[in-house]
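Quick look at upload_8.txt (compact mmCIF, C-alpha atoms):
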# COMPACT_ATOMS: atom_id res chain seq x y z
CA MET A 216 43.53 100.90 -102.39
CA SER A 217 44.24 102.55 -99.05
CA GLU A 218 47.41 104.56 -98.50
CA CYS A 219 50.39 102.56 -97.23
CA THR A 220 51.28 103.29 -93.60
CA HIS A 221 54.61 101.42 -93.84
CA ASN A 222 53.58 99.37 -90.79
CA CYS A 223 53.53 95.77 -92.01
CA SER A 224 52.40 94.43 -88.61
CA THR A 225 48.96 96.03 -89.04
CA CYS A 226 48.51 95.40 -92.74
CA SER A 227 47.25 92.25 -94.48
CA ALA A 228 48.24 93.26 -98.01
CA ASN A 229 50.92 91.16 -99.69
CA CYS A 230 52.81 93.89 -101.50
CA GLY A 231 56.40 94.24 -102.58
CA SER A 232 57.16 96.56 -99.68
CA ARG A 233 56.32 93.97 -97.02
CA THR A 234 59.27 93.25 -94.75
CA GLU A 235 59.92 90.38 -92.35
CA PRO A 236 60.00 91.14 -88.62
CA GLN A 237 63.50 92.04 -87.52
CA SER A 238 65.17 89.78 -84.95
CA LEU A 239 65.75 91.40 -81.56
CA LEU A 240 68.47 88.91 -80.62
CA GLN A 241 71.65 90.53 -79.34
CA LYS A 242 75.15 89.19 -79.70
CA PRO A 243 77.07 88.26 -76.58
CA HIS A 244 80.36 89.89 -75.70
CA GLU A 245 82.96 89.33 -78.40
CA LEU A 246 85.07 87.31 -75.94
CA SER A 247 82.15 85.02 -75.09
CA LYS A 248 81.44 81.74 -76.83
CA ILE A 249 78.41 79.97 -75.38
CA LYS A 250 77.19 76.69 -76.82
CA LYS A 251 73.85 76.23 -75.03
CA ILE A 252 71.52 78.49 -73.03
CA ILE A 253 68.86 77.22 -70.62
CA GLY A 254 66.36 79.49 -68.88
CA VAL A 255 64.86 78.49 -65.52
CA SER A 256 61.49 80.15 -65.05
CA SER A 257 58.51 80.25 -62.70
CA GLY A 258 55.10 81.85 -62.79
CA LYS A 259 55.58 83.40 -59.36
CA GLY A 260 58.31 83.97 -56.80
CA GLY A 261 59.18 81.80 -53.84
CA VAL A 262 58.84 78.41 -55.51
CA GLY A 263 62.55 77.52 -55.58
CA LYS A 264 63.51 78.64 -59.07
CA SER A 265 66.97 79.86 -58.03
CA MET A 266 67.64 76.65 -56.12
CA VAL A 267 66.77 74.56 -59.19
CA THR A 268 69.03 76.79 -61.30
CA GLY A 269 71.87 76.23 -58.87
CA LEU A 270 71.34 72.48 -58.61
CA LEU A 271 71.30 72.03 -62.39
CA ALA A 272 74.41 74.19 -62.79
CA VAL A 273 76.27 72.12 -60.19
CA MET A 274 75.20 68.89 -61.91
CA MET A 275 76.43 70.13 -65.29
CA GLN A 276 79.71 71.16 -63.68
CA ARG A 277 80.07 67.66 -62.22
CA MET A 278 79.60 66.28 -65.76
CA GLY A 279 82.76 68.13 -66.75
CA LEU A 280 81.08 71.05 -68.57
CA LYS A 281 82.08 74.70 -68.39
CA VAL A 282 79.09 76.39 -66.75
CA GLY A 283 77.88 79.93 -66.11
CA ILE A 284 74.84 81.43 -64.38
CA LEU A 285 73.30 84.73 -65.45
CA ASP A 286 71.10 85.93 -62.60
CA ALA A 287 68.32 87.82 -64.38
CA ASP A 288 66.23 88.12 -61.22
CA ILE A 289 67.45 91.67 -60.68
CA THR A 290 65.17 92.66 -57.80
CA GLY A 291 65.50 89.36 -55.94
CA PRO A 292 68.95 87.92 -56.71
CA SER A 293 69.52 84.66 -54.83
CA ILE A 294 72.30 82.94 -56.76
CA PRO A 295 75.30 84.55 -54.96
CA ARG A 296 73.95 83.53 -51.57
CA ALA A 297 73.25 79.95 -52.67
CA PHE A 298 76.87 79.60 -53.80
CA GLY A 299 78.39 81.56 -50.94
CA VAL A 300 79.85 84.12 -53.34
CA LYS A 301 80.86 87.32 -51.55
CA GLU A 302 83.51 88.66 -53.92
CA LYS A 303 82.41 91.63 -56.01
CA ALA A 304 82.47 91.58 -59.79
CA TYR A 305 84.70 94.04 -61.56
CA GLY A 306 85.48 95.09 -65.08
CA ASP A 307 87.98 96.81 -67.31
CA ASN A 308 87.94 98.38 -70.74
CA SER A 309 87.12 94.99 -72.26
CA GLY A 310 83.99 94.27 -70.22
CA ILE A 311 82.64 92.91 -66.94
CA LEU A 312 84.18 89.78 -65.45
CA PRO A 313 81.94 87.25 -63.68
CA VAL A 314 82.82 85.85 -60.27
CA LYS A 315 83.82 82.20 -59.92
CA THR A 316 82.29 79.92 -57.32
CA THR A 317 84.32 77.39 -55.33
CA THR A 318 84.07 74.76 -58.07
CA GLY A 319 84.60 77.21 -60.93
CA ILE A 320 81.08 78.12 -62.05
CA ASP A 321 81.00 81.69 -63.42
CA VAL A 322 78.27 83.85 -61.88
CA MET A 323 76.99 87.32 -62.71
CA SER A 324 74.34 88.90 -60.50
CA LEU A 325 73.39 92.44 -59.58
CA ASN A 326 74.25 91.68 -55.95
CA LEU A 327 77.86 91.28 -57.08
CA LEU A 328 77.84 94.93 -58.16
CA LEU A 329 76.09 96.47 -55.14
CA ASP A 330 78.03 97.88 -52.18
CA ASN A 331 75.64 96.11 -49.79
CA ASP A 332 73.72 92.93 -50.58
CA SER A 333 70.65 94.24 -48.75
CA ASP A 334 70.40 97.47 -50.77
CA PRO A 335 67.04 97.60 -52.58
CA VAL A 336 66.91 97.82 -56.36
CA ALA A 337 64.27 100.53 -56.80
CA TRP A 338 64.41 100.60 -60.60
CA ARG A 339 61.69 100.81 -63.18
CA GLY A 340 61.12 98.01 -65.65
CA PRO A 341 63.08 99.38 -68.63
CA ILE A 342 66.19 99.93 -66.48
CA ILE A 343 65.95 96.41 -65.06
CA ALA A 344 65.55 94.98 -68.56
CA GLY A 345 68.58 96.99 -69.66
CA ALA A 346 70.67 95.53 -66.84
CA VAL A 347 69.74 92.00 -67.91
CA SER A 348 70.74 92.77 -71.49
CA GLN A 349 74.09 94.11 -70.28
CA PHE A 350 74.73 90.88 -68.37
CA TRP A 351 74.53 89.22 -71.78
CA THR A 352 76.30 91.74 -74.00
CA ASP A 353 78.92 93.24 -71.62
CA VAL A 354 79.97 90.29 -69.46
CA ILE A 355 82.98 88.30 -70.61
CA TRP A 356 81.67 84.76 -70.19
CA GLY A 357 84.51 83.18 -72.14
CA ASP A 358 84.03 79.63 -73.45
CA LYS A 359 80.96 78.03 -71.91
CA ASP A 360 79.31 74.72 -72.68
CA ILE A 361 76.14 75.90 -71.00
CA LEU A 362 74.78 79.12 -69.53
CA PHE A 363 71.82 78.98 -67.14
CA ILE A 364 69.62 82.05 -66.82
CA ASP A 365 67.80 82.42 -63.51
CA MET A 366 64.73 84.19 -64.84
CA PRO A 367 62.67 86.76 -62.94
CA PRO A 368 59.34 85.34 -61.75
CA GLY A 369 56.23 85.91 -63.83
CA THR A 370 55.72 86.89 -67.46
CA SER A 371 56.61 90.57 -67.28
CA ASP A 372 58.63 92.77 -69.61
CA VAL A 373 61.94 91.54 -68.14
CA SER A 374 61.14 87.94 -69.05
CA LEU A 375 60.14 89.14 -72.50
CA THR A 376 63.49 90.94 -72.82
CA VAL A 377 65.36 87.74 -72.00
CA TYR A 378 63.43 85.64 -74.48
CA GLN A 379 63.69 88.22 -77.26
CA SER A 380 67.29 89.38 -76.83
CA ILE A 381 69.07 86.18 -75.73
CA PRO A 382 69.00 83.00 -77.89
CA VAL A 383 67.56 80.68 -75.26
CA ASP A 384 67.64 77.03 -76.38
CA GLY A 385 65.21 75.65 -73.82
CA VAL A 386 63.45 76.44 -70.58
CA VAL A 387 62.90 74.55 -67.34
CA LEU A 388 59.76 75.51 -65.42
CA VAL A 389 59.52 75.37 -61.63
CA SER A 390 56.31 75.14 -59.62
CA THR A 391 54.86 73.84 -56.35
CA PRO A 392 51.94 71.43 -55.83
CA GLN A 393 49.20 73.95 -55.02
CA GLU A 394 46.53 74.24 -57.70
CA LEU A 395 46.86 78.02 -57.82
CA VAL A 396 50.56 77.77 -58.57
CA GLY A 397 49.78 75.07 -61.13
CA MET A 398 47.53 77.55 -62.90
CA ILE A 399 50.22 80.20 -62.74
CA VAL A 400 52.89 77.93 -64.22
CA GLU A 401 50.61 77.39 -67.21
CA LYS A 402 51.08 81.08 -67.98
CA SER A 403 54.84 80.49 -68.16
CA ILE A 404 54.29 77.48 -70.40
CA LYS A 405 52.15 79.50 -72.78
CA MET A 406 54.69 82.34 -72.81
CA ALA A 407 57.46 79.92 -73.80
CA GLU A 408 55.19 78.62 -76.57
CA MET A 409 54.55 82.18 -77.78
CA MET A 410 58.31 82.76 -77.97
CA GLU A 411 58.80 79.37 -79.70
CA ILE A 412 61.16 78.14 -76.99
CA PRO A 413 60.86 74.45 -76.07
CA VAL A 414 60.07 73.49 -72.48
CA VAL A 415 62.63 70.86 -71.47
CA GLY A 416 61.03 69.87 -68.20
CA LEU A 417 58.78 70.79 -65.28
CA VAL A 418 60.17 70.64 -61.74
CA GLU A 419 57.75 70.48 -58.83
CA ASN A 420 59.48 71.80 -55.72
CA MET A 421 58.28 71.02 -52.16
CA SER A 422 56.50 68.07 -53.70
CA TYR A 423 56.61 65.80 -50.65
CA VAL A 424 58.27 64.97 -47.33
CA GLU A 425 59.92 61.60 -46.92
CA CYS A 426 59.30 59.87 -43.61
CA PRO A 427 62.69 59.24 -41.95
CA ASP A 428 61.46 55.95 -40.45
CA CYS A 429 59.55 54.18 -43.22
CA GLY A 430 60.51 56.19 -46.31
CA LYS A 431 56.91 56.92 -47.24
CA LYS A 432 56.41 60.08 -49.32
CA ILE A 433 53.85 62.40 -47.74
CA GLU A 434 52.30 65.07 -50.00
CA LEU A 435 51.82 67.94 -47.55
CA PHE A 436 50.29 70.30 -50.11
CA GLY A 437 47.96 67.82 -51.73
CA ALA A 438 48.20 65.59 -54.77
CA SER A 439 50.65 66.56 -57.46
CA HIS A 440 49.44 67.99 -60.78
CA ARG A 441 52.78 67.95 -62.59
CA GLU A 442 52.09 64.87 -64.73
CA GLU A 443 48.69 66.25 -65.71
CA ILE A 444 50.19 69.60 -66.74
CA ALA A 445 53.06 67.89 -68.57
CA LYS A 446 50.65 65.71 -70.55
CA THR A 447 48.44 68.66 -71.45
CA TYR A 448 51.34 70.70 -72.81
CA ASN A 449 53.53 67.87 -74.13
CA ILE A 450 56.36 68.54 -71.68
CA PRO A 451 58.74 65.57 -72.02
CA LEU A 452 60.05 65.39 -68.44
CA THR A 453 58.98 66.12 -64.90
CA ALA A 454 60.88 65.97 -61.64
CA ALA A 455 59.92 66.27 -57.98
CA LEU A 456 62.02 67.90 -55.27
CA PRO A 457 61.20 67.06 -51.65
CA ILE A 458 61.10 69.35 -48.66
CA ASP A 459 64.58 68.48 -47.44
CA LYS A 460 66.10 70.15 -44.40
CA LYS A 461 69.68 69.39 -45.40
CA LEU A 462 69.21 70.73 -48.92
CA ALA A 463 67.50 73.93 -47.76
CA GLY A 464 70.11 74.44 -45.06
CA GLY A 465 72.96 73.94 -47.51
CA VAL A 466 71.52 76.54 -49.88
CA ASP A 467 71.02 79.03 -47.05
CA LYS A 468 74.63 78.53 -45.96
CA GLY A 469 75.99 79.03 -49.47
CA MET A 470 76.98 75.40 -49.84
CA ILE A 471 74.79 74.30 -52.74
CA GLU A 472 77.82 72.85 -54.52
CA LEU A 473 78.00 70.13 -51.83
CA PHE A 474 74.44 68.85 -52.34
CA ASN A 475 73.80 65.13 -52.66
CA GLY A 476 70.63 63.91 -54.36
CA ASP A 477 69.39 62.27 -57.56
CA TRP A 478 66.07 64.13 -57.93
CA LEU A 479 67.09 65.98 -61.11
CA ASN A 480 69.32 63.37 -62.73
CA GLU A 481 66.99 62.58 -65.64
CA LEU A 482 66.41 66.27 -66.34
CA ALA A 483 70.14 67.01 -66.19
CA ASP A 484 70.79 64.23 -68.72
CA ALA A 485 68.12 65.68 -71.03
CA ILE A 486 69.71 69.13 -70.83
CA TYR A 487 73.11 67.60 -71.54
CA GLU A 488 71.74 65.90 -74.67
CA LEU A 489 69.67 68.88 -75.83
CA GLN A 490 70.77 70.19 -79.19
CA PRO A 491 71.05 74.00 -79.47
CA ARG A 492 68.49 75.58 -81.71
CA GLU A 493 69.36 77.36 -84.92
CA HIS A 494 68.71 81.06 -84.47
CA LYS A 495 68.18 83.49 -87.30
What do you get writing this file as structure tokens?
Amino acid sequence: MSECTHNCSTCSANCGSRTEPQSLLQKPHELSKIKKIIGVSSGKGGVGKSMVTGLLAVMMQRMGLKVGILDADITGPSIPRAFGVKEKAYGDNSGILPVKTTTGIDVMSLNLLLDNDSDPVAWRGPIIAGAVSQFWTDVIWGDKDILFIDMPPGTSDVSLTVYQSIPVDGVVLVSTPQELVGMIVEKSIKMAEMMEIPVVGLVENMSYVECPDCGKKIELFGASHREEIAKTYNIPLTAALPIDKKLAGGVDKGMIELFNGDWLNELADAIYELQPREHK
């Protein structure tokens, strides 16, 4: 028998010293009580992930839920701008307090801690991951029915930190119609599967343009692949967001809370009904 290295991850022997992998989940701030956590992810940047996060948060708020948004996209934070939040976050000896939007959604983003919104975040990966963890452990979220996490794009170490340290109950994936992006979103799907986190739905942004005269939907970027991807990976729901000038303009002006559209209604209902997972 070979000598024990005390590293069970590299050993196949079933001995009495074998230990189970330790959970990396971290507890939220002691003054936080969060019932459900939904991550919004994308395989690459620029596909509208933050907009989808904002739209879903607004819809949950309109349902009468207490909602928060943790902006984990540290190097490209977009949530404050979408909600028109300019107030800076502050803290005391108890922890960091999120900033409330016009309708009362609590938001925490790195841009709310910077002196200037345009200052670059020239940090290495471990520091960025640490900041995301602090937004979970040090922010006083209070009582929340649902917390949305605007994930960083891709499947890097920061995304891994979120999935391993925060008890995410489900993830919504965002993509665009191009085949390349469809391939990239499959990486995000497989990462969620690896982390044993269910994919609630797939949102295809910039899916079509609606003709203002006849109402015909024109697929500018080619035929959609969302149903094909959803069937392949057993994703229960898909949704399509159009290229909409009013919606894009409202987000750019910080007025996302005034949006009017039913594109994500079915997905919002599914998130509302989703039962939180049991975490060890």
Inset, instruction - Would you list the contacts of segment 275-290 of chain A as a list of chain:residue names, taking every protein, DNA or RNA residue within 6 Å and counting only C-alpha atoms, but skipping same-chain residues closer than 4 positions in sequence? - result: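 The filter keeps A:Ile320, A:Asp321, A:Val322, A:Met323, A:Ser324, A:Val336, A:Val347, A:Lys359, A:Asp360, A:Ile361, A:Leu362, A:Phe363, A:Ile364, A:Asp365, A:Met366, A:Pro367.
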Legend entry - Selected residue of minimal separation from Leu312 of chain A among A:Ile471, A:Met398, A:Val255, A:Leu246, counting only C-alpha atoms: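 Distance minimum relative to Leu312 of chain A lands on A:Leu246.
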Inset, instruction - Write out as a count of residues only the residues lying within 10 Å of Ile381 of chain A, counting all atoms listed in the file and excluding same-chain residues fewer than 2 positions away. - result: 19
Legend entry - Between atom CA of Asn326 of chain A and atom CA of Gly263 of chain A, distance in Å (one decimal): 18.4 Å
Inset, instruction - Return the single residue from A:Met409, A:Val273, A:Ser256, A:Ser439 that is closest to Val373 of chain A, with distances computed using all atoms listed in the file. - result: A:Ser256
Can you find the residues with an atom no farther than 10 Å from (68.5, 69.5, -59.8), counting only C-alpha atoms, and report them as a compact mmCIF listing (two decimals) with C-alpha atoms, keeping the file's coordinate frame?
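Saved result, part_24.txt, follows:
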# COMPACT_ATOMS: atom_id res chain seq x y z
CA MET A 266 67.64 76.65 -56.12
CA VAL A 267 66.77 74.56 -59.19
CA THR A 268 69.03 76.79 -61.30
CA GLY A 269 71.87 76.23 -58.87
CA LEU A 270 71.34 72.48 -58.61
CA LEU A 271 71.30 72.03 -62.39
CA ALA A 272 74.41 74.19 -62.79
CA VAL A 273 76.27 72.12 -60.19
CA MET A 274 75.20 68.89 -61.91
CA MET A 275 76.43 70.13 -65.29
CA VAL A 418 60.17 70.64 -61.74
CA ALA A 454 60.88 65.97 -61.64
CA ALA A 455 59.92 66.27 -57.98
CA LEU A 456 62.02 67.90 -55.27
CA PHE A 474 74.44 68.85 -52.34
CA ASN A 475 73.80 65.13 -52.66
CA GLY A 476 70.63 63.91 -54.36
CA ASP A 477 69.39 62.27 -57.56
CA TRP A 478 66.07 64.13 -57.93
CA LEU A 479 67.09 65.98 -61.11
CA ASN A 480 69.32 63.37 -62.73
CA GLU A 481 66.99 62.58 -65.64
CA LEU A 482 66.41 66.27 -66.34
CA ALA A 483 70.14 67.01 -66.19
Inset, instruction - Compare A:Leu327, A:Ala304, A:Tyr423, A:Phe436 by their minimum atom-to-atom distance to Leu395 of chain A, counting all atoms listed in the file, and give me the closest one. - result: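 The closest residue to Leu395 of chain A is A:Phe436.
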Inset, instruction - Rounded to one decimal place, report the atom CA of Ala297 of chain A-atom CA of Leu462 of chain A distance in Å. - result: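 Interatomic distance, atom CA of Ala297 of chain A to atom CA of Leu462 of chain A: 10.7 Å.
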Inset, instruction - Between atom CA of Met421 of chain A and atom CA of Asp459 of chain A, measure the distance and give it in Å to one decimal. - result: 8.3 Å
Inset, instruction - For segment 441-452 of chain A, please output as a ChimeraX atom specification all residues within 12 Å (counting all atoms listed in the file; exclusion window: fewer than 5 positions along the same chain). - result: /A:385-394,396-405,407-408,412-420,422,479-486
Legend entry - Nearest to Ser247 of chain A, chosen from A:Met410, A:Ile342, A:Leu329, A:Ile311, with all atoms listed in the file counted in the distances: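 Checking each candidate against Ser247 of chain A, we get A:Ile311 as the closest.
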Legend entry - Neighbours of point (81.7, 80.6, -52.2) within 9 Å, using only C-alpha atoms, written as a list in words: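 Residues lying no farther than 9 Å from the given point: Pro295, Arg296, Ala297, Phe298, Gly299, Val300, Lys301, Glu302, Lys315, Thr316, Thr317, Thr318, Gly469, Met470 and Glu472 of chain A.
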Legend entry - Distance criterion (all atoms listed in the file): nearest to Val262 of chain A out of A:Gly357, A:Gly345, A:Gly369, A:Gly306: A:Gly369
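If all atoms listed in the file are the atoms counted, then among A:Pro382, A:Gly260, A:Pro292, A:Pro313 the closest residue to Arg492 of chain A is A:Pro382.
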